[in-house]
$ cat final27.pdb   # PDB, C-alpha atoms
ATOM      1  CA  ASP Y 784       4.470  12.306   7.998
ATOM      2  CA  SER Y 785       3.374   9.140   6.209
ATOM      3  CA  TYR Y 786       6.934   8.007   5.420
ATOM      4  CA  LYS Y 787       8.044   8.200   9.061
ATOM      5  CA  ALA Y 788       4.846   6.526  10.256
ATOM      6  CA  LYS Y 789       4.636   3.673   7.745
ATOM      7  CA  CYS Y 790       7.958   3.217   5.935
ATOM      8  CA  ALA Y 791      10.925   4.218   8.092
ATOM      9  CA  MET Y 792      10.888   1.187  10.420
ATOM     10  CA  CYS Y 793      12.018  -1.028   7.510
ATOM     11  CA  HIS Y 794      13.354   1.414   4.900
ATOM     12  CA  GLY Y 795      15.135   3.666   7.427
ATOM     13  CA  ALA Y 796      14.781   7.425   7.924
ATOM     14  CA  ASP Y 797      17.446   7.859   5.211
ATOM     15  CA  GLY Y 798      15.996   5.225   2.860
ATOM     16  CA  LEU Y 799      19.109   3.036   3.067
ATOM     17  CA  ALA Y 800      17.247   0.135   4.750
ATOM     18  CA  ALA Y 801      20.016  -0.230   7.340
ATOM     19  CA  THR Y 802      17.455  -0.935  10.085
ATOM     20  CA  PRO Y 803      17.310  -4.298  11.914
ATOM     21  CA  MET Y 804      13.973  -4.989  10.197
ATOM     22  CA  GLY Y 805      15.283  -3.864   6.787
ATOM     23  CA  LYS Y 806      18.393  -6.029   7.104
ATOM     24  CA  SER Y 807      16.503  -9.109   8.297
ATOM     25  CA  MET Y 808      14.083  -8.842   5.356
ATOM     26  CA  LYS Y 809      16.845  -7.942   2.847
ATOM     27  CA  VAL Y 810      15.143  -4.677   1.882
ATOM     28  CA  LEU Y 811      16.955  -2.812  -0.911
ATOM     29  CA  SER Y 812      18.256   0.695  -0.294
ATOM     30  CA  PHE Y 813      16.348   3.318  -2.259
ATOM     31  CA  LYS Y 814      19.790   4.263  -3.653
ATOM     32  CA  ASP Y 815      20.166   0.789  -5.192
ATOM     33  CA  PRO Y 816      20.267   1.111  -9.030
ATOM     34  CA  ALA Y 817      17.155  -1.078  -9.357
ATOM     35  CA  MET Y 818      15.238   1.262  -7.058
ATOM     36  CA  ILE Y 819      16.487   4.381  -8.850
ATOM     37  CA  LYS Y 820      15.397   2.859 -12.195
ATOM     38  CA  ALA Y 821      11.932   1.923 -10.888
ATOM     39  CA  SER Y 822       9.180   4.190 -12.188
ATOM     40  CA  ASP Y 823       6.906   6.215  -9.942
ATOM     41  CA  ALA Y 824       4.081   3.939 -11.125
ATOM     42  CA  GLN Y 825       6.017   0.869  -9.876
ATOM     43  CA  PHE Y 826       6.583   2.510  -6.476
ATOM     44  CA  ILE Y 827       2.904   3.480  -6.270
ATOM     45  CA  ALA Y 828       1.828  -0.085  -7.177
ATOM     46  CA  SER Y 829       4.205  -1.665  -4.609
ATOM     47  CA  THR Y 830       3.012   0.697  -1.881
ATOM     48  CA  THR Y 831      -0.673   0.289  -2.743
ATOM     49  CA  ASN Y 832      -0.716  -3.488  -3.294
ATOM     50  CA  GLY Y 833       2.310  -4.653  -1.311
ATOM     51  CA  LYS Y 834       5.324  -6.494  -2.682
ATOM     52  CA  ALA Y 835       7.110  -9.596  -1.344
ATOM     53  CA  LYS Y 836       7.104  -9.118   2.456
ATOM     54  CA  MET Y 837       5.971  -5.495   2.261
ATOM     55  CA  PRO Y 838       2.329  -5.049   3.295
ATOM     56  CA  ALA Y 839      -0.254  -3.301   1.111
ATOM     57  CA  TYR Y 840      -1.148   0.225   2.183
ATOM     58  CA  LYS Y 841      -4.376   0.418   0.166
ATOM     59  CA  GLY Y 842      -6.988   1.734   2.610
ATOM     60  CA  LYS Y 843      -4.263   2.728   5.121
ATOM     61  CA  LEU Y 844      -2.832   5.577   3.050
ATOM     62  CA  THR Y 845      -4.810   7.661   0.553
ATOM     63  CA  ASP Y 846      -3.664   7.884  -3.086
ATOM     64  CA  PRO Y 847      -2.373  11.456  -2.520
ATOM     65  CA  GLN Y 848      -0.450  10.267   0.582
ATOM     66  CA  ILE Y 849       1.125   7.437  -1.450
ATOM     67  CA  LYS Y 850       2.140   9.931  -4.176
ATOM     68  CA  ASP Y 851       3.669  12.170  -1.478
ATOM     69  CA  VAL Y 852       5.631   9.185  -0.093
ATOM     70  CA  VAL Y 853       6.974   8.384  -3.584
ATOM     71  CA  ALA Y 854       7.980  12.044  -4.080
ATOM     72  CA  TYR Y 855       9.760  11.921  -0.700
ATOM     73  CA  ILE Y 856      11.580   8.691  -1.677
ATOM     74  CA  ARG Y 857      12.854  10.485  -4.807
ATOM     75  CA  THR Y 858      14.427  13.174  -2.556
ATOM     76  CA  LEU Y 859      16.212  10.407  -0.585
ATOM     77  CA  GLN Y 860      17.701   9.076  -3.835
ATOM     78  CA  LYS Y 861      19.567  12.299  -4.649
TER      79      LYS Y 861
END
$ encode --input "final27.pdb" --output "structure tokens"
Amino acid sequence: DSYKAKCAMCHGADGLAATPMGKSMKVLSFKDPAMIKASDAQFIASTTNGKAKMPAYKGKLTDPQIKDVVAYIRTLQK
């Protein structure tokens, strides 16, 4: 799936960002309060356009794939 292919190496399979790459880049866990508070629109914008050290996935993932990734992230936050 798109999450495993594009996101897990930094954000971790569980979304906790406890990967070597996630730790070295100080990636927040998806369970961090700031991440839980973030709107779906903010997640979609960050994924599409990139944010800080995170690359943009515009043209690499389709809009429906990005929405699916955001929906999957929400399941990791439970």
$ residues_around --input "final27.pdb" --residues "Ala801 in chain Y" --least-positions-apart "2" --cutoff "12 Å" --atoms "all atoms listed in the file" --output "ChimeraX atom specification"
/Y:791-799,803-814
$ atom_distance --input "final27.pdb" --atom1 "CA of Gln825 in chain Y" --atom2 "CA of Val853 in chain Y"
9.8 Å
$ resolve_selection --input "final27.pdb" --expression "the PyMOL selection byres ((chain Y and resi 854) around 12)" --output "PyMOL selection string"
chain Y and resi 785-786+822-824+826-827+847-853+855-861
$ atom_distance --input "final27.pdb" --atom1 "CA of Lys789 in chain Y" --atom2 "CA of Lys836 in chain Y"
14.1 Å
$ axis_aligned_box --input "final27.pdb" --around "range 787-799 of chain Y" --padding-each-side "6 Å" --output "AutoDock Vina command-line options"
--center_x 11.9 --center_y 3.6 --center_z 6.6 --size_x 26.5 --size_y 21.2 --size_z 19.6
$ closest_residue --input "final27.pdb" --among "Y:Cys790, Y:Ile819, Y:Thr802, Y:Thr830" --to "Thr845 in chain Y" --atoms "all atoms listed in the file"
Y:Thr830
$ atom_distance --input "final27.pdb" --atom1 "CA of Gly842 in chain Y" --atom2 "CA of Asp815 in chain Y"
28.3 Å
$ decode --input "final27.pdb" --residues "range 807-818 of chain Y" --atoms "all heavy atoms" --output "PDB file, in the first residue's frame"
ATOM      1  N   SER Y 807      16.234  10.614  13.497  1.00  0.00           N
ATOM      2  CA  SER Y 807      17.280  11.562  13.084  1.00  0.00           C
ATOM      3  C   SER Y 807      16.666  12.855  12.557  1.00  0.00           C
ATOM      4  O   SER Y 807      17.273  13.911  12.661  1.00  0.00           O
ATOM      5  CB  SER Y 807      18.220  10.935  12.058  1.00  0.00           C
ATOM      6  OG  SER Y 807      17.607  10.862  10.794  1.00  0.00           O
ATOM      7  N   MET Y 808      15.455  12.780  12.006  1.00  0.00           N
ATOM      8  CA  MET Y 808      14.813  13.987  11.469  1.00  0.00           C
ATOM      9  C   MET Y 808      13.778  14.571  12.438  1.00  0.00           C
ATOM     10  O   MET Y 808      13.061  15.510  12.087  1.00  0.00           O
ATOM     11  CB  MET Y 808      14.181  13.684  10.112  1.00  0.00           C
ATOM     12  CG  MET Y 808      15.247  13.303   9.111  1.00  0.00           C
ATOM     13  SD  MET Y 808      14.861  13.679   7.411  1.00  0.00           S
ATOM     14  CE  MET Y 808      13.614  12.508   7.036  1.00  0.00           C
ATOM     15  N   LYS Y 809      13.719  13.990  13.653  1.00  0.00           N
ATOM     16  CA  LYS Y 809      12.802  14.478  14.701  1.00  0.00           C
ATOM     17  C   LYS Y 809      11.348  14.529  14.217  1.00  0.00           C
ATOM     18  O   LYS Y 809      10.630  15.503  14.418  1.00  0.00           O
ATOM     19  CB  LYS Y 809      13.245  15.847  15.221  1.00  0.00           C
ATOM     20  CG  LYS Y 809      14.617  15.804  15.863  1.00  0.00           C
ATOM     21  CD  LYS Y 809      14.960  17.108  16.536  1.00  0.00           C
ATOM     22  CE  LYS Y 809      16.267  17.159  17.268  1.00  0.00           C
ATOM     23  NZ  LYS Y 809      17.314  16.236  16.960  1.00  0.00           N
ATOM     24  N   VAL Y 810      10.937  13.443  13.563  1.00  0.00           N
ATOM     25  CA  VAL Y 810       9.565  13.324  13.066  1.00  0.00           C
ATOM     26  C   VAL Y 810       8.647  13.078  14.266  1.00  0.00           C
ATOM     27  O   VAL Y 810       8.958  12.276  15.137  1.00  0.00           O
ATOM     28  CB  VAL Y 810       9.471  12.150  12.057  1.00  0.00           C
ATOM     29  CG1 VAL Y 810       8.040  11.941  11.598  1.00  0.00           C
ATOM     30  CG2 VAL Y 810      10.393  12.392  10.863  1.00  0.00           C
ATOM     31  N   LEU Y 811       7.513  13.779  14.308  1.00  0.00           N
ATOM     32  CA  LEU Y 811       6.543  13.577  15.384  1.00  0.00           C
ATOM     33  C   LEU Y 811       5.775  12.277  15.175  1.00  0.00           C
ATOM     34  O   LEU Y 811       5.441  11.928  14.047  1.00  0.00           O
ATOM     35  CB  LEU Y 811       5.513  14.713  15.398  1.00  0.00           C
ATOM     36  CG  LEU Y 811       5.893  16.053  15.988  1.00  0.00           C
ATOM     37  CD1 LEU Y 811       4.708  17.010  15.887  1.00  0.00           C
ATOM     38  CD2 LEU Y 811       6.330  15.925  17.432  1.00  0.00           C
ATOM     39  N   SER Y 812       5.460  11.606  16.272  1.00  0.00           N
ATOM     40  CA  SER Y 812       4.557  10.461  16.230  1.00  0.00           C
ATOM     41  C   SER Y 812       3.183  10.950  15.794  1.00  0.00           C
ATOM     42  O   SER Y 812       2.768  12.060  16.146  1.00  0.00           O
ATOM     43  CB  SER Y 812       4.458   9.855  17.632  1.00  0.00           C
ATOM     44  OG  SER Y 812       3.323   9.026  17.727  1.00  0.00           O
ATOM     45  N   PHE Y 813       2.459  10.111  15.054  1.00  0.00           N
ATOM     46  CA  PHE Y 813       1.090  10.486  14.694  1.00  0.00           C
ATOM     47  C   PHE Y 813       0.193  10.536  15.923  1.00  0.00           C
ATOM     48  O   PHE Y 813      -0.893  11.083  15.875  1.00  0.00           O
ATOM     49  CB  PHE Y 813       0.507   9.523  13.651  1.00  0.00           C
ATOM     50  CG  PHE Y 813       1.096   9.724  12.272  1.00  0.00           C
ATOM     51  CD1 PHE Y 813       1.587   8.661  11.548  1.00  0.00           C
ATOM     52  CD2 PHE Y 813       1.143  10.986  11.699  1.00  0.00           C
ATOM     53  CE1 PHE Y 813       2.120   8.839  10.280  1.00  0.00           C
ATOM     54  CE2 PHE Y 813       1.676  11.179  10.433  1.00  0.00           C
ATOM     55  CZ  PHE Y 813       2.172  10.100   9.718  1.00  0.00           C
ATOM     56  N   LYS Y 814       0.657   9.956  17.058  1.00  0.00           N
ATOM     57  CA  LYS Y 814      -0.121  10.013  18.299  1.00  0.00           C
ATOM     58  C   LYS Y 814       0.185  11.278  19.116  1.00  0.00           C
ATOM     59  O   LYS Y 814      -0.432  11.514  20.147  1.00  0.00           O
ATOM     60  CB  LYS Y 814       0.132   8.760  19.145  1.00  0.00           C
ATOM     61  CG  LYS Y 814      -0.466   7.511  18.492  1.00  0.00           C
ATOM     62  CD  LYS Y 814      -0.423   6.330  19.428  1.00  0.00           C
ATOM     63  CE  LYS Y 814      -0.932   5.085  18.776  1.00  0.00           C
ATOM     64  NZ  LYS Y 814      -2.298   4.737  19.135  1.00  0.00           N
ATOM     65  N   ASP Y 815       1.129  12.091  18.641  1.00  0.00           N
ATOM     66  CA  ASP Y 815       1.423  13.359  19.300  1.00  0.00           C
ATOM     67  C   ASP Y 815       0.160  14.233  19.235  1.00  0.00           C
ATOM     68  O   ASP Y 815      -0.532  14.262  18.212  1.00  0.00           O
ATOM     69  CB  ASP Y 815       2.574  14.068  18.559  1.00  0.00           C
ATOM     70  CG  ASP Y 815       2.998  15.348  19.259  1.00  0.00           C
ATOM     71  OD1 ASP Y 815       2.395  16.417  18.987  1.00  0.00           O
ATOM     72  OD2 ASP Y 815       3.920  15.271  20.081  1.00  0.00           O
ATOM     73  N   PRO Y 816      -0.167  14.950  20.341  1.00  0.00           N
ATOM     74  CA  PRO Y 816      -1.383  15.785  20.341  1.00  0.00           C
ATOM     75  C   PRO Y 816      -1.484  16.745  19.147  1.00  0.00           C
ATOM     76  O   PRO Y 816      -2.573  16.943  18.608  1.00  0.00           O
ATOM     77  CB  PRO Y 816      -1.295  16.544  21.669  1.00  0.00           C
ATOM     78  CG  PRO Y 816      -0.447  15.680  22.542  1.00  0.00           C
ATOM     79  CD  PRO Y 816       0.518  14.974  21.626  1.00  0.00           C
ATOM     80  N   ALA Y 817      -0.362  17.294  18.723  1.00  0.00           N
ATOM     81  CA  ALA Y 817      -0.383  18.224  17.578  1.00  0.00           C
ATOM     82  C   ALA Y 817      -0.820  17.507  16.301  1.00  0.00           C
ATOM     83  O   ALA Y 817      -1.518  18.086  15.463  1.00  0.00           O
ATOM     84  CB  ALA Y 817       0.991  18.853  17.381  1.00  0.00           C
ATOM     85  N   MET Y 818      -0.411  16.261  16.159  1.00  0.00           N
ATOM     86  CA  MET Y 818      -0.775  15.479  14.980  1.00  0.00           C
ATOM     87  C   MET Y 818      -2.237  15.044  15.056  1.00  0.00           C
ATOM     88  O   MET Y 818      -2.932  15.008  14.046  1.00  0.00           O
ATOM     89  CB  MET Y 818       0.120  14.245  14.852  1.00  0.00           C
ATOM     90  CG  MET Y 818       1.548  14.593  14.544  1.00  0.00           C
ATOM     91  SD  MET Y 818       1.719  15.220  12.867  1.00  0.00           S
ATOM     92  CE  MET Y 818       3.026  14.158  12.296  1.00  0.00           C
TER      93      MET Y 818
END
